[in-house]
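Engineer: final02.pdb is the file, holding PDB, C-alpha atoms:
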ATOM      1  CA  MET O1492     137.882  66.104 103.217  1.00  0.00           C
ATOM      2  CA  ILE O1493     136.940  67.507  99.805  1.00  0.00           C
ATOM      3  CA  VAL O1494     133.226  67.241 100.631  1.00  0.00           C
ATOM      4  CA  VAL O1495     133.724  69.189 103.866  1.00  0.00           C
ATOM      5  CA  GLY O1496     135.636  71.865 101.947  1.00  0.00           C
ATOM      6  CA  LEU O1497     132.890  72.158  99.337  1.00  0.00           C
ATOM      7  CA  ILE O1498     130.203  72.418 102.026  1.00  0.00           C
ATOM      8  CA  GLY O1499     132.238  75.142 103.738  1.00  0.00           C
ATOM      9  CA  LEU O1500     132.614  77.020 100.448  1.00  0.00           C
ATOM     10  CA  LEU O1501     128.881  76.801  99.738  1.00  0.00           C
ATOM     11  CA  ALA O1502     128.082  77.969 103.273  1.00  0.00           C
ATOM     12  CA  ALA O1503     130.406  80.967 102.854  1.00  0.00           C
ATOM     13  CA  LEU O1504     128.743  81.901  99.574  1.00  0.00           C
ATOM     14  CA  ALA O1505     125.297  81.604 101.176  1.00  0.00           C
ATOM     15  CA  VAL O1506     126.326  83.867 104.068  1.00  0.00           C
ATOM     16  CA  ILE O1507     127.641  86.468 101.639  1.00  0.00           C
ATOM     17  CA  GLY O1508     124.413  86.341  99.627  1.00  0.00           C
ATOM     18  CA  VAL O1509     122.215  86.654 102.706  1.00  0.00           C
ATOM     19  CA  SER O1510     124.210  89.582 104.095  1.00  0.00           C
ATOM     20  CA  ARG O1511     123.979  91.347 100.739  1.00  0.00           C
ATOM     21  CA  HIS O1512     120.175  90.957 100.721  1.00  0.00           C
ATOM     22  CA  ARG O1513     120.002  92.090 104.330  1.00  0.00           C
ATOM     23  CA  GLN O1514     121.889  95.292 103.440  1.00  0.00           C
ATOM     24  CA  ASP O1515     119.571  95.891 100.469  1.00  0.00           C
ATOM     25  CA  ALA O1516     116.554  95.481 102.749  1.00  0.00           C
ATOM     26  CA  GLU O1517     118.057  97.914 105.260  1.00  0.00           C
ATOM     27  CA  ASP O1518     118.673 100.466 102.486  1.00  0.00           C
ATOM     28  CA  THR O1519     115.081 100.106 101.254  1.00  0.00           C
ATOM     29  CA  ARG O1520     113.730 100.545 104.798  1.00  0.00           C
ATOM     30  CA  MET O1521     115.822 103.679 105.342  1.00  0.00           C
ATOM     31  CA  GLN O1522     114.638 105.148 102.026  1.00  0.00           C
ATOM     32  CA  ALA O1523     111.022 104.492 103.030  1.00  0.00           C
ATOM     33  CA  GLU O1524     111.551 106.147 106.416  1.00  0.00           C
ATOM     34  CA  LEU O1525     113.198 109.178 104.811  1.00  0.00           C
ATOM     35  CA  SER O1526     110.318 109.417 102.370  1.00  0.00           C
ATOM     36  CA  SER O1527     107.855 109.347 105.280  1.00  0.00           C
ATOM     37  CA  ILE O1528     109.764 112.096 107.074  1.00  0.00           C
ATOM     38  CA  TYR O1529     109.839 114.189 103.906  1.00  0.00           C
ATOM     39  CA  LYS O1530     106.087 113.779 103.397  1.00  0.00           C
ATOM     40  CA  ALA O1531     105.387 114.656 107.030  1.00  0.00           C
ATOM     41  CA  MET O1532     107.534 117.797 106.794  1.00  0.00           C
ATOM     42  CA  GLU O1533     105.796 118.848 103.598  1.00  0.00           C
ATOM     43  CA  ALA O1534     102.376 118.233 105.151  1.00  0.00           C
ATOM     44  CA  TYR O1535     103.364 120.381 108.140  1.00  0.00           C
ATOM     45  CA  ARG O1536     104.597 123.128 105.807  1.00  0.00           C
ATOM     46  CA  PHE O1537     101.368 122.938 103.818  1.00  0.00           C
ATOM     47  CA  LEU O1538      99.246 123.331 106.964  1.00  0.00           C
ATOM     48  CA  HIS O1539     101.356 125.952 108.757  1.00  0.00           C
ATOM     49  CA  GLY O1540     103.092 127.762 105.892  1.00  0.00           C
ATOM     50  CA  ARG O1541     106.564 126.956 107.245  1.00  0.00           C
ATOM     51  CA  TYR O1542     108.689 124.075 108.452  1.00  0.00           C
ATOM     52  CA  PRO O1543     108.758 123.193 112.168  1.00  0.00           C
ATOM     53  CA  THR O1544     111.525 124.970 114.077  1.00  0.00           C
ATOM     54  CA  THR O1545     111.073 123.825 117.688  1.00  0.00           C
ATOM     55  CA  TYR O1546     110.914 120.471 119.407  1.00  0.00           C
ATOM     56  CA  ALA O1547     107.268 121.027 120.339  1.00  0.00           C
ATOM     57  CA  GLU O1548     106.405 121.594 116.671  1.00  0.00           C
ATOM     58  CA  LEU O1549     108.328 118.479 115.665  1.00  0.00           C
ATOM     59  CA  ARG O1550     106.370 116.397 118.163  1.00  0.00           C
ATOM     60  CA  GLU O1551     103.188 117.263 116.247  1.00  0.00           C
ATOM     61  CA  PHE O1552     104.074 115.098 113.288  1.00  0.00           C
ATOM     62  CA  ILE O1553     106.102 112.367 114.982  1.00  0.00           C
ATOM     63  CA  SER O1554     103.470 111.446 117.554  1.00  0.00           C
ATOM     64  CA  ILE O1555     101.524 108.251 116.955  1.00  0.00           C
ATOM     65  CA  PRO O1556      97.781 108.817 116.635  1.00  0.00           C
ATOM     66  CA  ASP O1557      95.445 106.971 118.953  1.00  0.00           C
ATOM     67  CA  PHE O1558      93.426 104.567 116.819  1.00  0.00           C
ATOM     68  CA  ALA O1559      91.682 102.888 119.742  1.00  0.00           C
ATOM     69  CA  GLY O1560      88.702 105.237 119.560  1.00  0.00           C
ATOM     70  CA  ARG O1561      88.364 104.981 115.774  1.00  0.00           C
ATOM     71  CA  TYR O1562      88.781 101.286 115.057  1.00  0.00           C
ATOM     72  CA  GLU O1563      87.907  98.061 116.801  1.00  0.00           C
ATOM     73  CA  ILE O1564      91.116  96.152 117.403  1.00  0.00           C
ATOM     74  CA  ASN O1565      89.385  92.827 118.206  1.00  0.00           C
ATOM     75  CA  PRO O1566      85.955  92.837 116.568  1.00  0.00           C
ATOM     76  CA  SER O1567      83.513  90.345 117.978  1.00  0.00           C
ATOM     77  CA  PRO O1568      82.103  87.790 115.489  1.00  0.00           C
TER      78      PRO O1568
END
Represent the structure from my file as structure tokens, please.
Structural biologist:
Amino acid sequence: MIVVGLIGLLAALAVIGVSRHRQDAEDTRMQAELSSIYKAMEAYRFLHGRYPTTYAELREFISIPDFAGRYEINPSP
């Protein structure tokens, strides 16, 4: 009975530790995404002299570029 209790206690501590690391990873990911958005907005302002104000202007810097024409995805040996 004591062994089962100790295993349960250790499992609870492990779950708490994992969830804490998961939250830290989520915070780091959000900070990286915010940094990317900030850099994209500043790049837009640098090119156009102002920040984007319409949805069409926002789509300019959130669209994913097409790399298929620039890079070989599966190069042949």
Engineer: Give the answer as one residue: which of O:Thr1544, O:Arg1513, O:Leu1549, O:Gly1508 has the shortest atom-to-atom distance to Ile1528 in chain O, using all atoms listed in the file?
Structural biologist: O:Leu1549
Engineer: Report the distance between CA of Phe1537 in chain O and CA of Glu1524 in chain O in Å, rounded to one decimal place.
Structural biologist: 19.8 Å
Engineer: Tell me which protein, DNA and RNA residues are within 12 Å of Tyr1535 in chain O, counting all atoms listed in the file, leaving out same-chain ones fewer than 2 positions away, and put them as an MDAnalysis selection string.
Structural biologist: chainID O and resid 1528:1533 1537:1544 1548:1553
